[in-house]
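Undergrad: Have a look at this one.
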Amino acid sequence: MPEIFNTIESLDIKLDSHRRNGKTIAFVPTMGALHSGHLELIKEAQKIADIVVMSIFVNPTQFNDKNDLLKYPRTIEADTNLAQSVGLDFLYIPDVSEIYPDNVDTRLNLDLGLLDKVMEGEFRPGHFEGVCQVVKRLLDLVQCDILVMGQKDFQQFTIVQYMIDQLKLTVKLHVVKTKRDKNGLALSSRNARLTDEGRKKATTIYRTMIYIKKNIDLKPIQDLEQYGMKRLAKAGFNPEYVTIVNGYDLQKVKTLTTSDYIVVCVAAWLEGVRLIDNFVLKTKS
Ligand code: AMP
């Protein structure tokens with residue numbers, strides 16, 4: 001079993017002895033309800049650091065929708081077993097009072113410019129403020145060398161990298177590619193709330209992104225975005241956006257020549273569950 005810590009005090013004693021022995025520490029923040037996408041992050045982290053810490057903390061400040069927060073799955077026992085299956089070292093499961101104590105002002109007041117005005121930021125106001133707040137707070141507490149995050153949340157890791165740069169933090173961000181099921185559906189804790197039929201239908205997101213990738217050199221970008229929205233709506237989704245963006249600044253692109261790094265990002269509701277995904281259309285050179 002991974003060693004479980006509910007307070008930073010006890011975790012830090014352990015980590016400190018490893019630091020003194022020159023060991024490097026990778027940190028994987030999660031909100032729990034672990035699946036094999038999260039396990040990929042642990043496995044990647046194990047390749048690049050000596051010690052791996054995963055946190056499970058359902059962060060209230062990144063939920064703009066109270067209902068979404070209440071419905072977020074909490075499965076600590078199963079999570080612990082899964083973490084054990086890949087040999088995780090330390091599991092940190094703090095209380096809200098440790099992350100947001102009354103006597104510490106954890107707000108960041110970091111201007112994210114246009115990065116949080118689009119896509120998730122547009123549909124979930126305040127979300128990235130909450131993400132930056134919790135990631136910075138966790139980084140301050142855990143004091144890792146490498147932060148490991150998933151490509152599944154494209155806007156999230158882009159904004160976290162921006163925060164690291166702006167605040168001149170020494171931590172290195174390592175991004176792990178999205179783990180999908182055999183039909184292409186990106187693994188997500190939220191998939192657990194879909195019916196079997198919903199899970200099948202949800203693969204339309206992947207197929208739509210693949211279609212866009214195949215046609216990116218053939219059709220106008222706007223047409224491809226519109227096609228994506230229509231295809232998802234037709235399949236029974238309530239799509240919020242299908243947006244083709246510059247992977248560096250997350251702003252919409254009108255032509256492929258705008259950037260050497262282009263990504264399609266999607267958010268759509270299905271069976272009352274909000275799903276997001278993305279696919280790189282043009283890889284950075
Ligand atoms: P969450 O618990 O959903 O907040 O996710 C915790 C971390 O796992 C984030 O860095 C996510 O981007 C990452 N993650 C979630 N799903 C996947 C996936 N299917 N493949 C790779 N990473 C993922």
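Labels for the structure tokens follow display order: chains A, B, ..., residues from 1 in each chain, ligands from 1.
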Show which residues sit within 8 Å of range 40-45 of chain A, as a short mmCIF file (atom, residue, chain, number, x, y, z; two decimals) with all heavy atoms, in the first residue's frame. Count only C-alpha atoms, and ignore same-chain residues fewer than 2 positions away.
TA:
data_model
loop_
_atom_site.label_atom_id
_atom_site.label_comp_id
_atom_site.auth_asym_id
_atom_site.auth_seq_id
_atom_site.Cartn_x
_atom_site.Cartn_y
_atom_site.Cartn_z
N ALA A 26 8.59 13.67 -7.57
CA ALA A 26 7.56 14.08 -8.54
C ALA A 26 6.22 14.09 -7.84
O ALA A 26 5.96 13.26 -6.95
CB ALA A 26 7.53 13.11 -9.72
N PHE A 27 5.39 15.01 -8.26
CA PHE A 27 4.09 15.20 -7.59
C PHE A 27 2.97 15.18 -8.61
O PHE A 27 3.04 15.85 -9.65
CB PHE A 27 4.12 16.54 -6.84
CG PHE A 27 2.81 16.94 -6.24
CD1 PHE A 27 2.09 16.05 -5.45
CD2 PHE A 27 2.28 18.20 -6.47
CE1 PHE A 27 0.86 16.42 -4.90
CE2 PHE A 27 1.07 18.58 -5.92
CZ PHE A 27 0.36 17.68 -5.14
N VAL A 28 1.94 14.38 -8.33
CA VAL A 28 0.81 14.23 -9.24
C VAL A 28 -0.48 14.66 -8.50
O VAL A 28 -1.04 13.88 -7.73
CB VAL A 28 0.65 12.74 -9.67
CG1 VAL A 28 -0.46 12.59 -10.69
CG2 VAL A 28 1.96 12.16 -10.18
N SER A 36 -7.20 4.55 -15.09
CA SER A 36 -5.85 4.24 -15.57
C SER A 36 -5.15 5.43 -16.21
O SER A 36 -3.93 5.39 -16.40
CB SER A 36 -5.82 2.99 -16.45
OG SER A 36 -6.78 3.06 -17.43
N GLY A 37 -5.87 6.50 -16.53
CA GLY A 37 -5.21 7.74 -16.97
C GLY A 37 -4.35 8.30 -15.84
O GLY A 37 -3.19 8.68 -16.04
N HIS A 38 -4.90 8.30 -14.64
CA HIS A 38 -4.13 8.78 -13.49
C HIS A 38 -2.92 7.86 -13.24
O HIS A 38 -1.84 8.32 -12.88
CB HIS A 38 -4.99 8.79 -12.22
CG HIS A 38 -6.13 9.77 -12.24
ND1 HIS A 38 -7.45 9.39 -12.23
CD2 HIS A 38 -6.14 11.13 -12.27
CE1 HIS A 38 -8.22 10.46 -12.24
NE2 HIS A 38 -7.45 11.53 -12.28
N LYS A 47 9.31 7.17 -13.85
CA LYS A 47 10.44 7.10 -14.78
C LYS A 47 11.38 8.30 -14.61
O LYS A 47 12.55 8.23 -14.96
CB LYS A 47 9.94 7.11 -16.23
CG LYS A 47 9.29 5.81 -16.66
CD LYS A 47 8.92 5.92 -18.15
CE LYS A 47 7.84 4.94 -18.52
NZ LYS A 47 7.11 5.35 -19.73
N ILE A 48 10.83 9.42 -14.13
CA ILE A 48 11.64 10.65 -14.14
C ILE A 48 12.01 11.16 -12.75
O ILE A 48 12.68 12.18 -12.62
CB ILE A 48 10.91 11.78 -14.92
CG1 ILE A 48 9.49 11.98 -14.38
CG2 ILE A 48 10.87 11.46 -16.42
CD1 ILE A 48 8.73 13.10 -15.04
N ALA A 49 11.53 10.46 -11.71
CA ALA A 49 11.89 10.89 -10.35
C ALA A 49 12.04 9.67 -9.45
O ALA A 49 11.57 8.58 -9.78
CB ALA A 49 10.80 11.82 -9.80
N VAL A 52 7.46 9.30 -5.80
CA VAL A 52 6.24 9.88 -6.38
C VAL A 52 5.18 10.08 -5.29
O VAL A 52 4.85 9.16 -4.54
CB VAL A 52 5.68 8.99 -7.50
CG1 VAL A 52 4.41 9.61 -8.08
CG2 VAL A 52 6.72 8.78 -8.60
N MET A 54 1.26 11.37 -4.82
CA MET A 54 0.00 11.76 -5.47
C MET A 54 -0.90 12.37 -4.40
O MET A 54 -0.93 11.88 -3.27
CB MET A 54 -0.67 10.53 -6.09
CG MET A 54 -2.06 10.82 -6.65
SD MET A 54 -2.78 9.39 -7.49
CE MET A 54 -2.29 9.72 -9.16
N VAL A 86 0.28 0.19 -8.97
CA VAL A 86 1.43 0.66 -9.75
C VAL A 86 2.59 1.10 -8.85
O VAL A 86 3.54 1.74 -9.31
CB VAL A 86 1.03 1.82 -10.71
CG1 VAL A 86 0.16 1.30 -11.84
CG2 VAL A 86 0.35 2.95 -9.98
N LEU A 88 2.74 3.23 -6.15
CA LEU A 88 2.88 4.63 -5.71
C LEU A 88 3.53 4.66 -4.32
O LEU A 88 3.21 3.84 -3.47
CB LEU A 88 1.49 5.30 -5.64
CG LEU A 88 1.49 6.72 -5.08
CD1 LEU A 88 2.07 7.70 -6.09
CD2 LEU A 88 0.08 7.16 -4.69
N VAL A 148 3.57 16.65 -12.34
CA VAL A 148 3.13 15.83 -13.46
C VAL A 148 1.63 16.04 -13.68
O VAL A 148 0.82 15.87 -12.75
CB VAL A 148 3.44 14.33 -13.20
CG1 VAL A 148 2.99 13.48 -14.37
CG2 VAL A 148 4.93 14.14 -12.94
N MET A 149 1.28 16.42 -14.92
CA MET A 149 -0.14 16.66 -15.24
C MET A 149 -0.48 16.01 -16.58
O MET A 149 0.41 15.65 -17.35
CB MET A 149 -0.42 18.16 -15.29
CG MET A 149 -0.10 18.87 -14.00
SD MET A 149 -0.59 20.61 -14.00
CE MET A 149 -2.24 20.47 -13.36
N GLY A 150 -1.79 15.89 -16.86
CA GLY A 150 -2.23 15.22 -18.07
C GLY A 150 -2.53 16.19 -19.21
O GLY A 150 -3.01 17.31 -18.98
N VAL A 176 1.78 14.45 -19.54
CA VAL A 176 1.63 13.05 -19.99
C VAL A 176 0.47 12.95 -20.97
O VAL A 176 -0.61 13.52 -20.73
CB VAL A 176 1.37 12.12 -18.78
CG1 VAL A 176 1.14 10.68 -19.23
CG2 VAL A 176 2.52 12.21 -17.80
N LYS A 179 -4.67 9.24 -21.92
CA LYS A 179 -4.96 7.81 -21.99
C LYS A 179 -6.42 7.64 -22.40
O LYS A 179 -7.32 8.26 -21.83
CB LYS A 179 -4.69 7.20 -20.62
CG LYS A 179 -5.13 5.79 -20.46
CD LYS A 179 -3.94 4.85 -20.53
CE LYS A 179 -4.40 3.44 -20.23
NZ LYS A 179 -3.47 2.44 -20.63
#
Undergrad: Fewer than 2 positions away in the same chain doesn't count, so skip those; otherwise give me all residues within 6 Å of Lys282 in chain A, counting only C-alpha atoms, as a ChimeraX atom specification.
TA: /A:261-262,280
Undergrad: Filtering to N, CA and C atoms, could you give me those residues as an mmCIF file, in the first residue's frame?
TA:
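Result saved to again_12.cif:
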data_model
loop_
_atom_site.group_PDB
_atom_site.id
_atom_site.type_symbol
_atom_site.label_atom_id
_atom_site.label_comp_id
_atom_site.auth_asym_id
_atom_site.auth_seq_id
_atom_site.Cartn_x
_atom_site.Cartn_y
_atom_site.Cartn_z
ATOM 1 N N TYR A 261 1.818 24.966 -33.872
ATOM 2 C CA TYR A 261 1.279 24.098 -32.827
ATOM 3 C C TYR A 261 -0.229 24.380 -32.737
ATOM 4 N N ILE A 262 -1.020 23.441 -33.292
ATOM 5 C CA ILE A 262 -2.461 23.691 -33.386
ATOM 6 C C ILE A 262 -3.226 22.511 -32.783
ATOM 7 N N VAL A 280 -4.051 17.060 -30.728
ATOM 8 C CA VAL A 280 -3.075 17.917 -31.400
ATOM 9 C C VAL A 280 -3.197 17.707 -32.904
#
Undergrad: Residues at most 9 Å from ligand 1, using only C-alpha atoms and all ligand atoms? Could they come as an NGL selection string?
TA: :A and (28-41 or 56-59 or 148-154 or 156-157 or 175-181 or 185-190 or 277)
Undergrad: Nearest residue to His127 in chain A out of A:Leu112, A:Val273, A:Leu139, A:Ile13, using only C-alpha atoms?
TA: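 Using only C-alpha atoms, the shortest distance to His127 in chain A belongs to A:Leu112.
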Undergrad: With a distance cut-off of 10 Å and only C-alpha atoms, select the neighbouring residues of Glu98 in chain A, excluding the residue or stretch itself and same-chain residues fewer than 4 positions from it, and output the selection as an NGL selection string.
TA: :A and (6-8 or 93-94 or 102 or 104 or 137 or 141)
Undergrad: Mind dumping the selected residues with N, CA, C and O atoms as a CSV table (one decimal), in the first residue's frame?
TA:
chain,number,residue,atom,x,y,z
A,6,ASN,N,-2.4,12.5,5.9
A,6,ASN,CA,-3.5,13.5,5.9
A,6,ASN,C,-3.0,14.9,6.2
A,6,ASN,O,-3.7,15.8,6.0
A,7,THR,N,-1.8,14.9,6.7
A,7,THR,CA,-1.3,16.3,7.0
A,7,THR,C,0.1,16.4,6.3
A,7,THR,O,0.8,15.5,6.1
A,8,ILE,N,0.4,17.7,6.0
A,8,ILE,CA,1.7,18.0,5.3
A,8,ILE,C,2.8,17.8,6.3
A,8,ILE,O,3.9,17.4,5.9
A,93,ILE,N,-3.7,13.0,1.3
A,93,ILE,CA,-5.2,13.3,1.2
A,93,ILE,C,-5.5,14.3,2.3
A,93,ILE,O,-5.9,14.0,3.4
A,94,PRO,N,-5.3,15.6,2.0
A,94,PRO,CA,-5.5,16.6,3.0
A,94,PRO,C,-7.0,17.0,3.1
A,94,PRO,O,-7.8,16.8,2.2
A,102,ASP,N,-7.8,29.2,7.7
A,102,ASP,CA,-8.3,30.6,7.9
A,102,ASP,C,-7.2,31.7,8.0
A,102,ASP,O,-7.4,32.8,7.5
A,104,VAL,N,-4.3,31.8,6.4
A,104,VAL,CA,-3.4,31.9,5.3
A,104,VAL,C,-4.2,32.4,4.1
A,104,VAL,O,-5.2,31.8,3.7
A,137,ARG,N,-0.8,26.3,-4.0
A,137,ARG,CA,-0.8,25.9,-2.6
A,137,ARG,C,-0.2,24.5,-2.4
A,137,ARG,O,0.6,24.3,-1.5
A,141,LEU,N,3.3,23.4,-0.4
A,141,LEU,CA,3.2,22.4,0.7
A,141,LEU,C,4.2,21.2,0.4
A,141,LEU,O,5.0,20.8,1.2
Undergrad: Could you pull out the strand (DSSP E or B) residues of range 21-254 of chain A from DSSP and send them as JSON, numbers by chain?
TA: {"A": [25, 26, 27, 28, 29, 30, 51, 52, 53, 54, 55, 56, 90, 91, 92, 146, 147, 148, 149, 150, 172, 173, 174, 175, 176, 180, 186, 238, 239, 240, 241, 242, 243, 244, 245, 246, 252]}
Undergrad: Ranking A:Val134, A:Cys144, A:Leu218, A:Leu275 by minimum distance to Arg199 in chain A and counting only C-alpha atoms, which one comes first?
TA: A:Leu275
Undergrad: If we count only C-alpha atoms, what is near Gln62 in chain A at a cut-off of 9 Å, once residues fewer than 3 positions away on the same chain are taken out, given as a ChimeraX atom specification?
TA: /A:58-59,65,69,124,126-134
Undergrad: Looking at A:Glu225, A:Asp95, A:Asp217, A:Asp68, which one is nearest to Tyr241 in chain A, with distances taken over only C-alpha atoms?
TA: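 So, comparing all the options, the nearest one is A:Glu225.
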Undergrad: What does the distance between CA of Leu91 in chain A and CA of Ala78 in chain A come to in Å, to one decimal place?
TA: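 Separating CA of Leu91 in chain A from CA of Ala78 in chain A is a distance of 12.9 Å.
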Undergrad: Pick out each residue of range 59-248 of chain A that DSSP on the backbone tags as alpha helix (DSSP H); I need them as a ChimeraX atom specification.
TA: /A:66-71,76-85,96-99,120-123,127-142,154-166,196-215,221-234
Undergrad: Would you pick out the contacts of Asp89 in chain A at 7 Å or less, using only C-alpha atoms, so that residues sharing its chain but fewer than 6 positions from it are not included, and give the list as a ChimeraX atom specification?
TA: /A:2-3,51-53
Undergrad: Would you mind exporting the chosen residues as a PDB file, in the first residue's frame, restricted to N, CA and C atoms?
TA:
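Once everything was written out, this is part.pdb:
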ATOM      1  N   PRO A   2       0.441   2.301  -0.731  1.00  0.00           N
ATOM      2  CA  PRO A   2       1.186   3.564  -0.580  1.00  0.00           C
ATOM      3  C   PRO A   2       1.004   4.055   0.852  1.00  0.00           C
ATOM      4  N   GLU A   3       2.000   4.761   1.365  1.00  0.00           N
ATOM      5  CA  GLU A   3       1.808   5.344   2.694  1.00  0.00           C
ATOM      6  C   GLU A   3       0.849   6.522   2.547  1.00  0.00           C
ATOM      7  N   ILE A  51      10.983   9.491  -6.139  1.00  0.00           N
ATOM      8  CA  ILE A  51       9.849   9.322  -5.230  1.00  0.00           C
ATOM      9  C   ILE A  51       8.624   9.968  -5.880  1.00  0.00           C
ATOM     10  N   VAL A  52       7.461   9.300  -5.798  1.00  0.00           N
ATOM     11  CA  VAL A  52       6.238   9.876  -6.381  1.00  0.00           C
ATOM     12  C   VAL A  52       5.180  10.077  -5.287  1.00  0.00           C
ATOM     13  N   VAL A  53       4.686  11.305  -5.248  1.00  0.00           N
ATOM     14  CA  VAL A  53       3.605  11.660  -4.327  1.00  0.00           C
ATOM     15  C   VAL A  53       2.380  11.973  -5.162  1.00  0.00           C
TER      16      VAL A  53
END
